[in-house]
Amino acid sequence: MENRILIVEDEEKIARFVELELKHEGYETEKVFDGRTGLERALSGEFDLVLLDVMLPQLNGVEVLRRIRKESDIPIILVTARDAVMDKVSGLDAGADDYITKPFAIEELLARIRVALKRKKNDNISTEKLSWKNVIMDIDRHEVYVGEESVELTNREFELLKMLLQNKNIVLDREKIMDHVCGYDYVGETNVIDVYVRYLRTKIDDRFGLKMISTVRGVGYVIKEEK
């Protein structure tokens with residue numbers, strides 16, 4: 001499916017030029033010439049990216065941007081005058097993904113559009129996440145956070161925590177954990193799991209004042225779901 005781009009530009013010659021170039025590159029386009037119409041169309045859900053001029057009648061581009069951002073995270077590239085530094089700063093502060101200054105080379109604009117669309121696509125890729133209280137595990141990204149703080153784990157620590165989070169309220173014995181975390185061919189004492197649990201407790205429980213992993217004496221470990 002072709003990406004659809006909304007061009008919000010009051011200078012019709014520029015709008016027409018950009019439209020022709022974008023269509024040549026395979027994009028579907030629509031152009032509008034004032035801020036109010038641009039805001040309405042941008043929020044319609046019909047577009048993948050907005051190319052938004054700052055100097056617009058009815059509503060200026062930065063105000064349009066602010067209003068869009070209250071309801072949508074659609075990629076927006078702001079078009080500014082070359083010397084309008086404050087427009088750039090205001091636009092980025094208001095949530096613009098990028099900006100380009102007039103006059104611009106069409107190749108540069110196309111490159112910026114590709115980057116913005118790719119970034120949005122990557123953001124939309126679903127990732128499997130596991131959680132307990134404010135502990136978040138992003139499996140695809142191989143990341144663990146407690147609140148906003150990142151926790152650095154080794155591969156085995158990560159696999160141990162993942163297994164426990166995937167089996168909340170189920171007591172897992174040491175041998176089963178060891179087979180999963182260390183591999184079936186691992187030769188060694190099962191108390192190696194106790195060591196990894198201790199590492200996790202140091203990095204998460206002790207650091208953040210939590211009590212996540214419970215010991216079931218003589219059996220193994222469990223993470224209990226909060227009621």
# chains A, B, ... in the order shown; residues from 1 in each chain; ligands from 1

call {"tool": "select_by_dssp", "arguments": {"residues": "region 5-226 of chain A", "states": "strand (DSSP E or B)", "output": "VMD selection string"}}
result
chain A and resid 5 to 8 28 to 32 49 to 53 76 to 81 98 to 102 129 to 132 135 to 138 143 to 146 149 to 151 172 to 173 213 to 216 220 to 223

call {"tool": "residues_around", "arguments": {"residues": "Leu49 (chain A)", "least_positions_apart": "6", "cutoff": "9 Å", "atoms": "only C-alpha atoms", "output": "list of chain:residue names"}}
result
A:Asn3, A:Arg4, A:Ile5, A:Leu6, A:Ile7, A:Ala42, A:Ile74, A:Pro75, A:Ile76, A:Ile77, A:Ile113, A:Ala116, A:Leu117

call {"tool": "residues_around", "arguments": {"residues": "region 131-135 of chain A", "least_positions_apart": "3", "cutoff": "9 Å", "atoms": "only C-alpha atoms", "output": "PyMOL selection string"}}
result
chain A and resi 138+144-147+165+204+212+223-226

call {"tool": "write_last_selection", "arguments": {"atoms": "all heavy atoms", "output": "short mmCIF file (atom, residue, chain, number, x, y, z; two decimals), in the first residue's frame"}}
result
data_model
loop_
_atom_site.label_atom_id
_atom_site.label_comp_id
_atom_site.auth_asym_id
_atom_site.auth_seq_id
_atom_site.Cartn_x
_atom_site.Cartn_y
_atom_site.Cartn_z
N ASP A 138 11.07 -6.13 27.79
CA ASP A 138 10.80 -6.09 26.36
C ASP A 138 11.64 -7.20 25.73
O ASP A 138 12.85 -7.09 25.59
CB ASP A 138 11.20 -4.72 25.80
CG ASP A 138 10.76 -4.54 24.35
OD1 ASP A 138 10.84 -5.53 23.60
OD2 ASP A 138 10.35 -3.43 23.98
N VAL A 144 15.27 -4.60 29.96
CA VAL A 144 14.48 -4.64 31.20
C VAL A 144 14.54 -3.27 31.84
O VAL A 144 15.61 -2.66 31.94
CB VAL A 144 15.02 -5.71 32.17
CG1 VAL A 144 14.28 -5.64 33.51
CG2 VAL A 144 14.88 -7.11 31.57
N TYR A 145 13.36 -2.80 32.27
CA TYR A 145 13.27 -1.51 32.94
C TYR A 145 12.52 -1.66 34.25
O TYR A 145 11.58 -2.45 34.36
CB TYR A 145 12.54 -0.48 32.08
CG TYR A 145 13.33 -0.01 30.88
CD1 TYR A 145 13.28 -0.70 29.68
CD2 TYR A 145 14.14 1.12 30.98
CE1 TYR A 145 14.01 -0.27 28.58
CE2 TYR A 145 14.88 1.55 29.89
CZ TYR A 145 14.81 0.85 28.70
OH TYR A 145 15.55 1.28 27.62
N VAL A 146 12.93 -0.90 35.23
CA VAL A 146 12.13 -0.73 36.44
C VAL A 146 11.76 0.74 36.46
O VAL A 146 12.62 1.61 36.66
CB VAL A 146 12.91 -1.12 37.71
CG1 VAL A 146 12.04 -0.87 38.94
CG2 VAL A 146 13.32 -2.59 37.64
N GLY A 147 10.48 1.02 36.22
CA GLY A 147 10.09 2.39 35.98
C GLY A 147 10.77 2.90 34.73
O GLY A 147 10.68 2.28 33.67
N LEU A 165 8.75 -14.76 34.68
CA LEU A 165 7.65 -13.86 34.35
C LEU A 165 6.61 -14.54 33.47
O LEU A 165 5.41 -14.25 33.57
CB LEU A 165 8.19 -12.60 33.64
CG LEU A 165 8.93 -11.60 34.52
CD1 LEU A 165 9.59 -10.52 33.65
CD2 LEU A 165 7.98 -10.95 35.52
N ILE A 204 17.79 -5.99 40.93
CA ILE A 204 16.42 -5.47 40.88
C ILE A 204 15.85 -5.27 42.29
O ILE A 204 15.53 -4.15 42.68
CB ILE A 204 15.51 -6.41 40.06
CG1 ILE A 204 15.99 -6.46 38.60
CG2 ILE A 204 14.06 -5.94 40.12
CD1 ILE A 204 15.22 -7.42 37.71
N MET A 212 10.60 -9.41 44.34
CA MET A 212 9.96 -9.97 43.15
C MET A 212 10.01 -11.49 43.14
O MET A 212 8.99 -12.15 42.92
CB MET A 212 10.65 -9.42 41.89
CG MET A 212 10.06 -9.92 40.59
SD MET A 212 10.73 -9.06 39.15
CE MET A 212 12.47 -9.40 39.33
N ILE A 223 7.54 -16.13 40.79
CA ILE A 223 7.12 -14.73 40.86
C ILE A 223 5.60 -14.74 41.01
O ILE A 223 4.90 -15.30 40.16
CB ILE A 223 7.53 -13.94 39.61
CG1 ILE A 223 9.05 -13.76 39.58
CG2 ILE A 223 6.83 -12.57 39.58
CD1 ILE A 223 9.55 -13.01 38.34
N LYS A 224 5.11 -14.19 42.10
CA LYS A 224 3.67 -14.21 42.37
C LYS A 224 3.02 -12.97 41.78
O LYS A 224 3.49 -11.85 42.00
CB LYS A 224 3.43 -14.27 43.88
CG LYS A 224 3.94 -15.59 44.50
CD LYS A 224 3.69 -15.61 46.00
CE LYS A 224 4.20 -16.93 46.60
NZ LYS A 224 4.02 -16.95 48.09
N GLU A 225 1.95 -13.19 41.04
CA GLU A 225 1.19 -12.09 40.45
C GLU A 225 0.54 -11.28 41.55
O GLU A 225 -0.01 -11.83 42.51
CB GLU A 225 0.13 -12.65 39.51
CG GLU A 225 -0.68 -11.58 38.78
CD GLU A 225 0.17 -10.84 37.75
OE1 GLU A 225 0.24 -11.29 36.61
OE2 GLU A 225 0.77 -9.81 38.14
N GLU A 226 0.60 -9.96 41.42
CA GLU A 226 -0.03 -9.10 42.39
C GLU A 226 -1.55 -9.17 42.25
O GLU A 226 -2.09 -9.16 41.15
CB GLU A 226 0.41 -7.64 42.17
CG GLU A 226 1.89 -7.43 42.50
CD GLU A 226 2.17 -7.60 43.99
OE1 GLU A 226 1.68 -6.79 44.78
OE2 GLU A 226 2.88 -8.56 44.34
#

call {"tool": "atom_distance", "arguments": {"atom1": "CA of Leu164 (chain A)", "atom2": "CA of Val181 (chain A)"}}
result
10.8 Å

call {"tool": "closest_residue", "arguments": {"among": "A:Gly45, A:Gly209, A:Gly61, A:Gly35", "to": "Gly95 (chain A)", "atoms": "only C-alpha atoms"}}
result
A:Gly61

call {"tool": "residues_around", "arguments": {"residues": "region 16-19 of chain A", "least_positions_apart": "5", "cutoff": "9 Å", "atoms": "only C-alpha atoms", "output": "ChimeraX atom specification"}}
result
/A:7,11,24,27-31,106

call {"tool": "residues_around", "arguments": {"residues": "Asp10 (chain A)", "least_positions_apart": "4", "cutoff": "10 Å", "atoms": "only C-alpha atoms", "output": "PDB file with C-alpha atoms, in the first residue's frame"}}
result
ATOM      1  CA  ILE A  14       5.348  25.103  -4.369  1.00  0.00           C
ATOM      2  CA  ALA A  15       2.552  22.740  -3.351  1.00  0.00           C
ATOM      3  CA  LYS A  31      -2.675  19.319  -0.894  1.00  0.00           C
ATOM      4  CA  VAL A  32      -4.497  21.988   1.098  1.00  0.00           C
ATOM      5  CA  PHE A  33      -3.737  25.680   1.392  1.00  0.00           C
ATOM      6  CA  ASP A  34      -4.657  26.869   4.907  1.00  0.00           C
ATOM      7  CA  GLY A  35      -4.064  25.815   8.483  1.00  0.00           C
ATOM      8  CA  LEU A  52       3.472  21.291   7.050  1.00  0.00           C
ATOM      9  CA  ASP A  53       4.451  24.846   6.158  1.00  0.00           C
ATOM     10  CA  VAL A  54       4.828  27.290   9.046  1.00  0.00           C
ATOM     11  CA  MET A  55       3.463  30.417   7.353  1.00  0.00           C
ATOM     12  CA  LEU A  56      -0.188  29.575   6.730  1.00  0.00           C
ATOM     13  CA  PRO A  57      -3.426  31.592   6.686  1.00  0.00           C
TER      14      PRO A  57
END

call {"tool": "closest_residue", "arguments": {"among": "A:Val222, A:Leu160, A:Val216, A:Met137", "to": "Tyr196 (chain A)", "atoms": "only C-alpha atoms"}}
result
A:Leu160

call {"tool": "closest_residue", "arguments": {"among": "A:Lys23, A:Arg114, A:Arg198, A:Lys129", "to": "His142 (chain A)", "atoms": "only C-alpha atoms"}}
result
A:Lys129

call {"tool": "atom_distance", "arguments": {"atom1": "CA of Leu22 (chain A)", "atom2": "CA of Arg69 (chain A)"}}
result
24.3 Å

call {"tool": "select_by_dssp", "arguments": {"residues": "region 3-191 of chain A", "states": "alpha helix (DSSP H)", "output": "NGL selection string"}}
result
:A and (12-24 or 35-42 or 61-69 or 85-94 or 106-124 or 155-166 or 174-182)

call {"tool": "residues_around", "arguments": {"residues": "Val195 (chain A)", "least_positions_apart": "5", "cutoff": "12 Å", "atoms": "only C-alpha atoms", "output": "ChimeraX atom specification"}}
result
/A:156-157,160,174,178,189-190,200-202

call {"tool": "residues_around", "arguments": {"residues": "Arg66 (chain A)", "least_positions_apart": "3", "cutoff": "10 Å", "atoms": "only C-alpha atoms", "output": "list in words"}}
result
Leu39, Gly61, Val62, Glu63, Arg69, Lys70, Glu71, Ser90, Gly91, Asp93, Ala94, Gly95 and Ala96 of chain A

call {"tool": "atom_distance", "arguments": {"atom1": "CA of Asp194 (chain A)", "atom2": "CA of Tyr221 (chain A)"}}
result
9.2 Å
